[in-house]
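Some notes on the structure that comes next.
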Amino acid sequence: MNLLLLNIKELIQVRDEAPELLSGNEMKILPTLKNAWLHIDKGVIQDYGTMDKLPELSGFKTIDCTDRMVLPTWCDSHTHLVYAGNREQEFVDRINGLSYQEIAARGGGIVNSAKRLQETSEDALYEQSAVRLKEIMKLGTGAVEIKSGYGLTTESEMKMLRAAKKLAQNFPVTIKTTFLGAHAVPPEFKENKRGYIDLICEEMLPEIVRENLADYVDIFCENGYFSVEDMHQLLTEAAKYGLRPKVHVNQFTSMGGIQAAVKHNALSVDHLEELTQEDIESLEGTTTMPVALPSCSFFINIPYAQGRKIIDAGLPLALATDYNPGSTPSGNMNFVISLACIRMRLTPEEAINAATINGAYAMDLSKTHGSITRGKTGSVFITKPVPSYGFLPYAFGSN
């Protein structure tokens with residue numbers, strides 16, 4: 001469709017030459033155009049400028065954006081959007097005093113979701129997930145990463161990834177997929193974690209690669225789940241298939257996971273609620289993007305990633321939702337941006353940069369998403385009438 005957006009109060013994240021990512025003080029700068037127009041044709045940004053310099057154009061549909069902002073869509077680089085059922089009882093259990101780890105130890109958590117998913121057909125799984133995808137699109141998300149990890153068997157892990165690939169085919173949103181077989185140890189391998197890692201490496205990985213189901217590989221590196229040694233084994237094997245890592249690290253413990261991920265050239269390290277100075281230093285000068293998931297901290301009441309400290313150290317930072325049934329049953333990037341400002345002390349400029357340009361980088365989408373740049377995808381959203389872009393994190397309960 002040939003679209004011309006007119007009278008835009010402020011066109012946000014306008015970059016003639018878009019960087020791959022933004023680090024440190026660069027994240028404080030958010031370039032905009034006021035009283036602007038934007039031309040999108042065949043899904044691609046063609047041109048933009050201020051209304052006093054609007055050229056002669058024809059054959060387009062116009063949209064009047066008076067009093068409204070236009071932004072590139074949010075790039076949510078960490079979700080578990082494909083899952084079966086919900087875990088609201090565990091929410092009640094936490095209110096009654098149980099911790100996330102205690103719920104997992106008695107058969108809840110990831111293993112609970114895996115049991116439900118194994119019992120759910122691929123069609124039903126797709127339909128449930130499509131509802132969630134439609135919801136986050138209405139909330140402004142235009143690119144999203146979707147992980148497996150609630151299957152824990154070869155068949156069910158592949159079922160999740162096939163559902164995610166089908167979503168990518170059927171919806172006008174960019175989807176990247178990540179194989180997360182090493183999300184938890186299934187009950188049948190409780191006394192044989194090494195056997196499960198071998199199953200992932202020797203059976204799951206080859207099958208998933210054969211069907212071209214995953215862009216990335218992930219592992220939950222945490223006490224009670226998988227060790228740094230497990231990470232080395234899995235990521236070494238995944239590298240043989242060309243799968244770059246995006247890994248869960250430092251959610252509850254700093255145990256060397258970041259350093260191991262960097263050695264394996266991870267695209268991103270995600271969670272980071274527990275972070276040491278050594279962890280920060282190990283990310284300096286690397287191509288690995290730190291990713292914070294503040295709505296997970298909000299929901300299960302754990303510390304927030306030290307976003308202010310990460311940026312002040314000169315590092316980049318991306319924001320994502322961690323949308324999943326257990327620790328973050330929400331894909332609302334607007335709320336994530338609010339939490340980043342309120343609880344992590346990011347400025348609105350830093351938070352928007354973290355959710356657009358840096359989120360795109362964390363999915364290897366820098367060339368197509370994350371900014372208003374000629375030649376990039378025309379994936380944008382139009383706000384309701386708002387006074388400024390600072391109103392987006394300020395009005396934390398509004399879409």
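Residue names in the structure tokens use chain letters A, B, ... in the order shown, residue numbers from 1 in each chain, and ligand numbers from 1 in the order shown.
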Asn7 in chain A surroundings by only C-alpha atoms, 6 Å radius, close-in-sequence under 2 positions cut, as a list in words: Asn35, Ala36, Cys65 and Thr66 of chain A
Please extract the residues of range 65-195 of chain A with a backbone DSSP assignment of strand (DSSP E or B) and present them as a PDB file with N, CA and C atoms, in the first residue's frame.
ATOM      1  N   ARG A  68      -0.587  13.742  16.883  1.00  0.00           N
ATOM      2  CA  ARG A  68      -0.135  12.376  17.158  1.00  0.00           C
ATOM      3  C   ARG A  68       1.345  12.207  16.812  1.00  0.00           C
ATOM      4  N   MET A  69       1.981  11.317  17.566  1.00  0.00           N
ATOM      5  CA  MET A  69       3.369  10.954  17.290  1.00  0.00           C
ATOM      6  C   MET A  69       3.405   9.725  16.386  1.00  0.00           C
ATOM      7  N   VAL A  70       4.487   9.571  15.625  1.00  0.00           N
ATOM      8  CA  VAL A  70       4.728   8.360  14.844  1.00  0.00           C
ATOM      9  C   VAL A  70       6.112   7.829  15.219  1.00  0.00           C
ATOM     10  N   LEU A  71       6.163   6.543  15.558  1.00  0.00           N
ATOM     11  CA  LEU A  71       7.406   5.898  15.979  1.00  0.00           C
ATOM     12  C   LEU A  71       7.625   4.610  15.202  1.00  0.00           C
ATOM     13  N   PRO A  72       8.892   4.174  15.079  1.00  0.00           N
ATOM     14  CA  PRO A  72       9.118   2.804  14.587  1.00  0.00           C
ATOM     15  C   PRO A  72       8.545   1.827  15.605  1.00  0.00           C
ATOM     16  N   TRP A  74       7.983  -1.239  18.195  1.00  0.00           N
ATOM     17  CA  TRP A  74       8.867  -1.833  19.205  1.00  0.00           C
ATOM     18  C   TRP A  74       9.466  -3.135  18.679  1.00  0.00           C
ATOM     19  N   CYS A  75      10.712  -3.375  19.043  1.00  0.00           N
ATOM     20  CA  CYS A  75      11.419  -4.610  18.675  1.00  0.00           C
ATOM     21  C   CYS A  75      11.633  -5.412  19.953  1.00  0.00           C
ATOM     22  N   ASP A  76      10.797  -6.409  20.166  1.00  0.00           N
ATOM     23  CA  ASP A  76      10.807  -7.208  21.394  1.00  0.00           C
ATOM     24  C   ASP A  76      11.682  -8.441  21.170  1.00  0.00           C
ATOM     25  N   THR A  79      11.025 -13.250  23.918  1.00  0.00           N
ATOM     26  CA  THR A  79       9.706 -13.709  24.357  1.00  0.00           C
ATOM     27  C   THR A  79       9.618 -15.228  24.289  1.00  0.00           C
ATOM     28  N   THR A 141       4.139  -3.540  18.840  1.00  0.00           N
ATOM     29  CA  THR A 141       5.292  -4.381  18.521  1.00  0.00           C
ATOM     30  C   THR A 141       5.256  -4.805  17.054  1.00  0.00           C
ATOM     31  N   GLY A 142       6.376  -4.614  16.357  1.00  0.00           N
ATOM     32  CA  GLY A 142       6.451  -4.948  14.935  1.00  0.00           C
ATOM     33  C   GLY A 142       7.495  -5.980  14.602  1.00  0.00           C
ATOM     34  N   ALA A 143       8.348  -6.335  15.590  1.00  0.00           N
ATOM     35  CA  ALA A 143       9.340  -7.399  15.418  1.00  0.00           C
ATOM     36  C   ALA A 143       9.475  -8.104  16.757  1.00  0.00           C
ATOM     37  N   VAL A 144       9.518  -9.435  16.709  1.00  0.00           N
ATOM     38  CA  VAL A 144       9.515 -10.186  17.971  1.00  0.00           C
ATOM     39  C   VAL A 144      10.313 -11.474  17.813  1.00  0.00           C
ATOM     40  N   GLU A 145      11.059 -11.811  18.833  1.00  0.00           N
ATOM     41  CA  GLU A 145      11.739 -13.104  18.907  1.00  0.00           C
ATOM     42  C   GLU A 145      10.855 -14.052  19.713  1.00  0.00           C
ATOM     43  N   ILE A 146      10.740 -15.305  19.254  1.00  0.00           N
ATOM     44  CA  ILE A 146       9.936 -16.304  19.955  1.00  0.00           C
ATOM     45  C   ILE A 146      10.806 -17.533  20.210  1.00  0.00           C
ATOM     46  N   LYS A 147      10.879 -17.951  21.462  1.00  0.00           N
ATOM     47  CA  LYS A 147      11.690 -19.102  21.856  1.00  0.00           C
ATOM     48  C   LYS A 147      10.841 -20.353  21.996  1.00  0.00           C
ATOM     49  N   THR A 174       7.600  -9.142  11.860  1.00  0.00           N
ATOM     50  CA  THR A 174       8.833  -9.913  11.673  1.00  0.00           C
ATOM     51  C   THR A 174       9.098 -10.766  12.903  1.00  0.00           C
ATOM     52  N   ILE A 175       9.324 -12.060  12.700  1.00  0.00           N
ATOM     53  CA  ILE A 175       9.538 -12.997  13.794  1.00  0.00           C
ATOM     54  C   ILE A 175      10.862 -13.719  13.619  1.00  0.00           C
ATOM     55  N   LYS A 176      11.673 -13.734  14.674  1.00  0.00           N
ATOM     56  CA  LYS A 176      12.880 -14.558  14.737  1.00  0.00           C
ATOM     57  C   LYS A 176      12.632 -15.670  15.763  1.00  0.00           C
ATOM     58  N   THR A 177      13.154 -16.867  15.479  1.00  0.00           N
ATOM     59  CA  THR A 177      12.909 -18.018  16.353  1.00  0.00           C
ATOM     60  C   THR A 177      14.209 -18.490  17.010  1.00  0.00           C
ATOM     61  N   THR A 178      14.065 -18.935  18.256  1.00  0.00           N
ATOM     62  CA  THR A 178      15.214 -19.392  19.038  1.00  0.00           C
ATOM     63  C   THR A 178      14.915 -20.751  19.664  1.00  0.00           C
ATOM     64  N   PHE A 179      15.843 -21.686  19.491  1.00  0.00           N
ATOM     65  CA  PHE A 179      15.719 -23.020  20.084  1.00  0.00           C
ATOM     66  C   PHE A 179      16.237 -22.986  21.524  1.00  0.00           C
ATOM     67  N   LEU A 180      15.334 -23.244  22.471  1.00  0.00           N
ATOM     68  CA  LEU A 180      15.653 -23.216  23.896  1.00  0.00           C
ATOM     69  C   LEU A 180      15.316 -24.568  24.542  1.00  0.00           C
ATOM     70  N   GLY A 181      15.806 -25.649  23.949  1.00  0.00           N
ATOM     71  CA  GLY A 181      15.581 -26.958  24.564  1.00  0.00           C
ATOM     72  C   GLY A 181      16.155 -27.033  25.965  1.00  0.00           C
ATOM     73  N   ALA A 182      17.252 -26.295  26.201  1.00  0.00           N
ATOM     74  CA  ALA A 182      17.895 -26.280  27.527  1.00  0.00           C
ATOM     75  C   ALA A 182      17.273 -25.202  28.403  1.00  0.00           C
TER      76      ALA A 182
END
Separation of CA of Leu243 in chain A from CA of Gly285 in chain A in Å: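 About the pair CA of Gly285 in chain A and CA of Leu243 in chain A: they are 21.9 Å apart.
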Length of the CA of Thr154 in chain A to CA of Glu203 in chain A vector [Å]: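 Distance reported for this atom pair: 7.3 Å.
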Straight-line distance linking CA of Met160 in chain A with CA of Ser148 in chain A, stated in Å to one decimal: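 Separating CA of Met160 in chain A from CA of Ser148 in chain A is a distance of 5.6 Å.
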Nearest candidate to Pro55 in chain A (options A:Leu139, A:Leu98, A:Leu6, A:Ala395; using only C-alpha atoms):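 Counting only C-alpha atoms, the residue closest to Pro55 in chain A is A:Leu6.
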Surrounding residues of Arg244 in chain A excluding itself and chain neighbours under 4 positions, 10 Å, only C-alpha atoms, as a ChimeraX atom specification: /A:178,215-218,235,238-240,264-268
Requested write-out: N, CA and C atoms of the selected residues, as a PDB file, in the first residue's frame:
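Result file is part.pdb:
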ATOM      1  N   THR A 178      14.065 -18.935  18.256  1.00  0.00           N
ATOM      2  CA  THR A 178      15.214 -19.392  19.038  1.00  0.00           C
ATOM      3  C   THR A 178      14.915 -20.751  19.664  1.00  0.00           C
ATOM      4  N   ASP A 215      16.562 -19.599  14.274  1.00  0.00           N
ATOM      5  CA  ASP A 215      17.594 -18.630  13.904  1.00  0.00           C
ATOM      6  C   ASP A 215      18.715 -18.602  14.936  1.00  0.00           C
ATOM      7  N   TYR A 216      18.370 -18.918  16.202  1.00  0.00           N
ATOM      8  CA  TYR A 216      19.320 -18.809  17.305  1.00  0.00           C
ATOM      9  C   TYR A 216      19.173 -19.996  18.248  1.00  0.00           C
ATOM     10  N   VAL A 217      20.114 -20.094  19.191  1.00  0.00           N
ATOM     11  CA  VAL A 217      20.068 -21.122  20.230  1.00  0.00           C
ATOM     12  C   VAL A 217      20.190 -20.430  21.590  1.00  0.00           C
ATOM     13  N   ASP A 218      19.555 -21.005  22.596  1.00  0.00           N
ATOM     14  CA  ASP A 218      19.513 -20.399  23.929  1.00  0.00           C
ATOM     15  C   ASP A 218      19.688 -21.486  24.984  1.00  0.00           C
ATOM     16  N   LEU A 235      26.606 -24.765  23.243  1.00  0.00           N
ATOM     17  CA  LEU A 235      26.912 -23.710  22.277  1.00  0.00           C
ATOM     18  C   LEU A 235      28.030 -24.117  21.320  1.00  0.00           C
ATOM     19  N   ALA A 238      26.100 -26.187  18.837  1.00  0.00           N
ATOM     20  CA  ALA A 238      25.217 -25.352  18.011  1.00  0.00           C
ATOM     21  C   ALA A 238      26.009 -24.559  16.979  1.00  0.00           C
ATOM     22  N   ALA A 239      27.232 -24.175  17.327  1.00  0.00           N
ATOM     23  CA  ALA A 239      28.062 -23.406  16.401  1.00  0.00           C
ATOM     24  C   ALA A 239      28.373 -24.202  15.134  1.00  0.00           C
ATOM     25  N   LYS A 240      28.397 -25.520  15.247  1.00  0.00           N
ATOM     26  CA  LYS A 240      28.653 -26.362  14.071  1.00  0.00           C
ATOM     27  C   LYS A 240      27.533 -26.217  13.041  1.00  0.00           C
ATOM     28  N   HIS A 264      31.453 -17.339  23.275  1.00  0.00           N
ATOM     29  CA  HIS A 264      30.752 -17.993  22.170  1.00  0.00           C
ATOM     30  C   HIS A 264      30.104 -16.983  21.223  1.00  0.00           C
ATOM     31  N   ASN A 265      30.508 -15.708  21.336  1.00  0.00           N
ATOM     32  CA  ASN A 265      30.018 -14.666  20.424  1.00  0.00           C
ATOM     33  C   ASN A 265      28.499 -14.544  20.461  1.00  0.00           C
ATOM     34  N   ALA A 266      27.934 -14.556  21.655  1.00  0.00           N
ATOM     35  CA  ALA A 266      26.482 -14.433  21.802  1.00  0.00           C
ATOM     36  C   ALA A 266      25.999 -13.099  21.244  1.00  0.00           C
ATOM     37  N   LEU A 267      24.861 -13.141  20.553  1.00  0.00           N
ATOM     38  CA  LEU A 267      24.240 -11.916  20.061  1.00  0.00           C
ATOM     39  C   LEU A 267      23.705 -11.093  21.221  1.00  0.00           C
ATOM     40  N   SER A 268      23.172 -11.784  22.244  1.00  0.00           N
ATOM     41  CA  SER A 268      22.659 -11.062  23.409  1.00  0.00           C
ATOM     42  C   SER A 268      22.785 -11.916  24.662  1.00  0.00           C
TER      43      SER A 268
END
Test item, alpha helix (DSSP H) assignment across range 104-169 of chain A, answer as a PyMOL selection string: chain A and resi 104-105+110-118+122-138+154-169
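Using only C-alpha atoms, the residues found no farther than 10 Å from Phe396 in chain A, other than those of its own chain fewer than 3 positions away, are A:Asn334, A:Phe335, A:Val336, A:Ile337, A:Ser338, A:Leu339, A:Ile342, A:Phe391, A:Leu392, A:Pro393, A:Asn399.
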Selection: 7 Å around range 291-299 of chain A, only C-alpha atoms, excl. self and same-chain fewer than 5 positions, as a list of chain:residue names: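 Once the adjacent positions are removed, what remains is A:Ser268, A:Val269, A:Asp270, A:His271, A:Leu272, A:Tyr304, A:Ala305, A:Leu317, A:Ala318, A:Leu319, A:Ala320, A:Thr321, A:Asp322, A:Ser327, A:Thr328, A:Val336, A:Leu339, A:Ala340.
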Would you put the residues from that selection into a file with N, CA and C atoms, as a PDB file, in the first residue's frame?
ATOM      1  N   SER A 268      23.172 -11.784  22.244  1.00  0.00           N
ATOM      2  CA  SER A 268      22.659 -11.062  23.409  1.00  0.00           C
ATOM      3  C   SER A 268      22.785 -11.916  24.662  1.00  0.00           C
ATOM      4  N   VAL A 269      22.861 -11.239  25.801  1.00  0.00           N
ATOM      5  CA  VAL A 269      22.758 -11.874  27.117  1.00  0.00           C
ATOM      6  C   VAL A 269      21.575 -11.233  27.816  1.00  0.00           C
ATOM      7  N   ASP A 270      20.624 -12.040  28.258  1.00  0.00           N
ATOM      8  CA  ASP A 270      19.312 -11.544  28.669  1.00  0.00           C
ATOM      9  C   ASP A 270      19.001 -11.888  30.126  1.00  0.00           C
ATOM     10  N   HIS A 271      18.358 -10.975  30.800  1.00  0.00           N
ATOM     11  CA  HIS A 271      17.934 -10.954  32.204  1.00  0.00           C
ATOM     12  C   HIS A 271      18.823  -9.992  32.963  1.00  0.00           C
ATOM     13  N   LEU A 272      19.976 -10.440  33.483  1.00  0.00           N
ATOM     14  CA  LEU A 272      20.973  -9.563  34.109  1.00  0.00           C
ATOM     15  C   LEU A 272      20.492  -8.912  35.402  1.00  0.00           C
ATOM     16  N   TYR A 304      15.671  -5.518  39.742  1.00  0.00           N
ATOM     17  CA  TYR A 304      15.692  -5.087  38.346  1.00  0.00           C
ATOM     18  C   TYR A 304      17.132  -5.062  37.834  1.00  0.00           C
ATOM     19  N   ALA A 305      17.305  -5.330  36.552  1.00  0.00           N
ATOM     20  CA  ALA A 305      18.625  -5.176  35.950  1.00  0.00           C
ATOM     21  C   ALA A 305      19.110  -3.738  36.156  1.00  0.00           C
ATOM     22  N   LEU A 317      22.187  -1.144  25.704  1.00  0.00           N
ATOM     23  CA  LEU A 317      21.156  -1.870  26.448  1.00  0.00           C
ATOM     24  C   LEU A 317      19.906  -1.968  25.588  1.00  0.00           C
ATOM     25  N   ALA A 318      19.316  -3.158  25.548  1.00  0.00           N
ATOM     26  CA  ALA A 318      18.018  -3.355  24.902  1.00  0.00           C
ATOM     27  C   ALA A 318      16.993  -3.720  25.962  1.00  0.00           C
ATOM     28  N   LEU A 319      15.728  -3.483  25.650  1.00  0.00           N
ATOM     29  CA  LEU A 319      14.612  -3.836  26.517  1.00  0.00           C
ATOM     30  C   LEU A 319      13.708  -4.835  25.809  1.00  0.00           C
ATOM     31  N   ALA A 320      13.188  -5.804  26.546  1.00  0.00           N
ATOM     32  CA  ALA A 320      12.263  -6.787  25.984  1.00  0.00           C
ATOM     33  C   ALA A 320      11.289  -7.219  27.072  1.00  0.00           C
ATOM     34  N   THR A 321      10.254  -7.965  26.669  1.00  0.00           N
ATOM     35  CA  THR A 321       9.182  -8.286  27.619  1.00  0.00           C
ATOM     36  C   THR A 321       9.378  -9.579  28.397  1.00  0.00           C
ATOM     37  N   ASP A 322      10.031 -10.592  27.800  1.00  0.00           N
ATOM     38  CA  ASP A 322      10.084 -11.941  28.378  1.00  0.00           C
ATOM     39  C   ASP A 322       8.693 -12.575  28.445  1.00  0.00           C
ATOM     40  N   SER A 327       6.535 -16.155  34.485  1.00  0.00           N
ATOM     41  CA  SER A 327       7.169 -15.020  35.145  1.00  0.00           C
ATOM     42  C   SER A 327       6.859 -13.677  34.495  1.00  0.00           C
ATOM     43  N   THR A 328       6.229 -13.672  33.323  1.00  0.00           N
ATOM     44  CA  THR A 328       5.836 -12.411  32.671  1.00  0.00           C
ATOM     45  C   THR A 328       4.678 -12.654  31.713  1.00  0.00           C
ATOM     46  N   VAL A 336       6.957  -2.078  29.658  1.00  0.00           N
ATOM     47  CA  VAL A 336       8.394  -2.321  29.823  1.00  0.00           C
ATOM     48  C   VAL A 336       9.163  -0.996  29.792  1.00  0.00           C
ATOM     49  N   LEU A 339       8.544   0.868  33.051  1.00  0.00           N
ATOM     50  CA  LEU A 339       9.320   0.294  34.151  1.00  0.00           C
ATOM     51  C   LEU A 339      10.798   0.655  34.039  1.00  0.00           C
ATOM     52  N   ALA A 340      11.319   0.663  32.813  1.00  0.00           N
ATOM     53  CA  ALA A 340      12.728   1.023  32.620  1.00  0.00           C
ATOM     54  C   ALA A 340      12.999   2.440  33.125  1.00  0.00           C
TER      55      ALA A 340
END
Residue contacts of range 28-33 of chain A (10 Å, only C-alpha atoms) excluding same-chain residues fewer than 6 positions away, as a list of chain:residue names: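 Using only C-alpha atoms, the neighbours found are A:Ile8, A:Lys9, A:Glu10, A:Leu11, A:Ile12, A:Gln13, A:Val14, A:Arg15, A:Leu22, A:Tyr48, A:Gly49, A:Thr50, A:Met51, A:Val70, A:Leu71, A:Ile311, A:Leu346, A:Thr347, A:Pro348, A:Glu349, A:Glu350, A:Ala351, A:Ile352, A:Asn353, A:Ser371, A:Ile372.
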Nearest to Arg116 in chain A by atom-to-atom distance, counting only C-alpha atoms, from A:Val386, A:Leu38, A:Leu152, A:Val247: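 Among A:Val386, A:Leu38, A:Leu152, A:Val247, it is A:Leu152 that comes nearest to Arg116 in chain A.
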Contact residues around Phe91 in chain A with only C-alpha atoms at 12 Å, ignoring same-chain residues under 5 positions, as a PyMOL selection string: chain A and resi 86+96-100+103+108-109+299-301+325-329
Expected file: the selected residues, N, CA and C atoms, as a compact mmCIF listing (two decimals), in the first residue's frame:
# COMPACT_ATOMS: atom_id res chain seq x y z
N ASN A 86 -2.12 -21.51 30.85
CA ASN A 86 -1.61 -20.44 31.71
C ASN A 86 -1.17 -21.04 33.04
N ASN A 96 0.85 -16.24 48.21
CA ASN A 96 0.79 -16.94 49.50
C ASN A 96 2.16 -17.31 50.05
N GLY A 97 3.23 -16.82 49.42
CA GLY A 97 4.54 -16.92 50.04
C GLY A 97 5.57 -17.80 49.38
N LEU A 98 5.20 -18.56 48.35
CA LEU A 98 6.19 -19.42 47.70
C LEU A 98 7.02 -18.61 46.71
N SER A 99 8.31 -18.93 46.61
CA SER A 99 9.17 -18.26 45.64
C SER A 99 9.08 -18.97 44.30
N TYR A 100 9.60 -18.30 43.26
CA TYR A 100 9.64 -18.89 41.92
C TYR A 100 10.40 -20.21 41.95
N ILE A 103 8.34 -23.02 43.73
CA ILE A 103 7.27 -23.53 42.86
C ILE A 103 7.86 -24.50 41.84
N GLY A 108 6.21 -27.27 39.53
CA GLY A 108 5.58 -26.17 38.79
C GLY A 108 6.56 -25.57 37.81
N GLY A 109 6.32 -24.32 37.44
CA GLY A 109 7.24 -23.61 36.58
C GLY A 109 7.29 -24.16 35.17
N PHE A 299 6.86 -8.74 37.98
CA PHE A 299 5.84 -9.76 38.23
C PHE A 299 6.25 -10.76 39.31
N ILE A 300 7.54 -11.16 39.33
CA ILE A 300 7.94 -12.14 40.34
C ILE A 300 8.73 -11.50 41.47
N ASN A 301 8.77 -10.17 41.48
CA ASN A 301 9.32 -9.42 42.62
C ASN A 301 10.77 -9.77 42.91
N PRO A 325 4.25 -17.65 30.32
CA PRO A 325 3.12 -17.91 31.22
C PRO A 325 3.46 -17.90 32.70
N GLY A 326 4.75 -17.97 33.05
CA GLY A 326 5.10 -18.11 34.46
C GLY A 326 5.61 -16.87 35.13
N SER A 327 6.54 -16.16 34.48
CA SER A 327 7.17 -15.02 35.15
C SER A 327 6.86 -13.68 34.49
N THR A 328 6.23 -13.67 33.32
CA THR A 328 5.84 -12.41 32.67
C THR A 328 4.68 -12.65 31.71
N PRO A 329 3.45 -12.81 32.20
CA PRO A 329 2.33 -13.05 31.30
C PRO A 329 1.83 -11.77 30.63
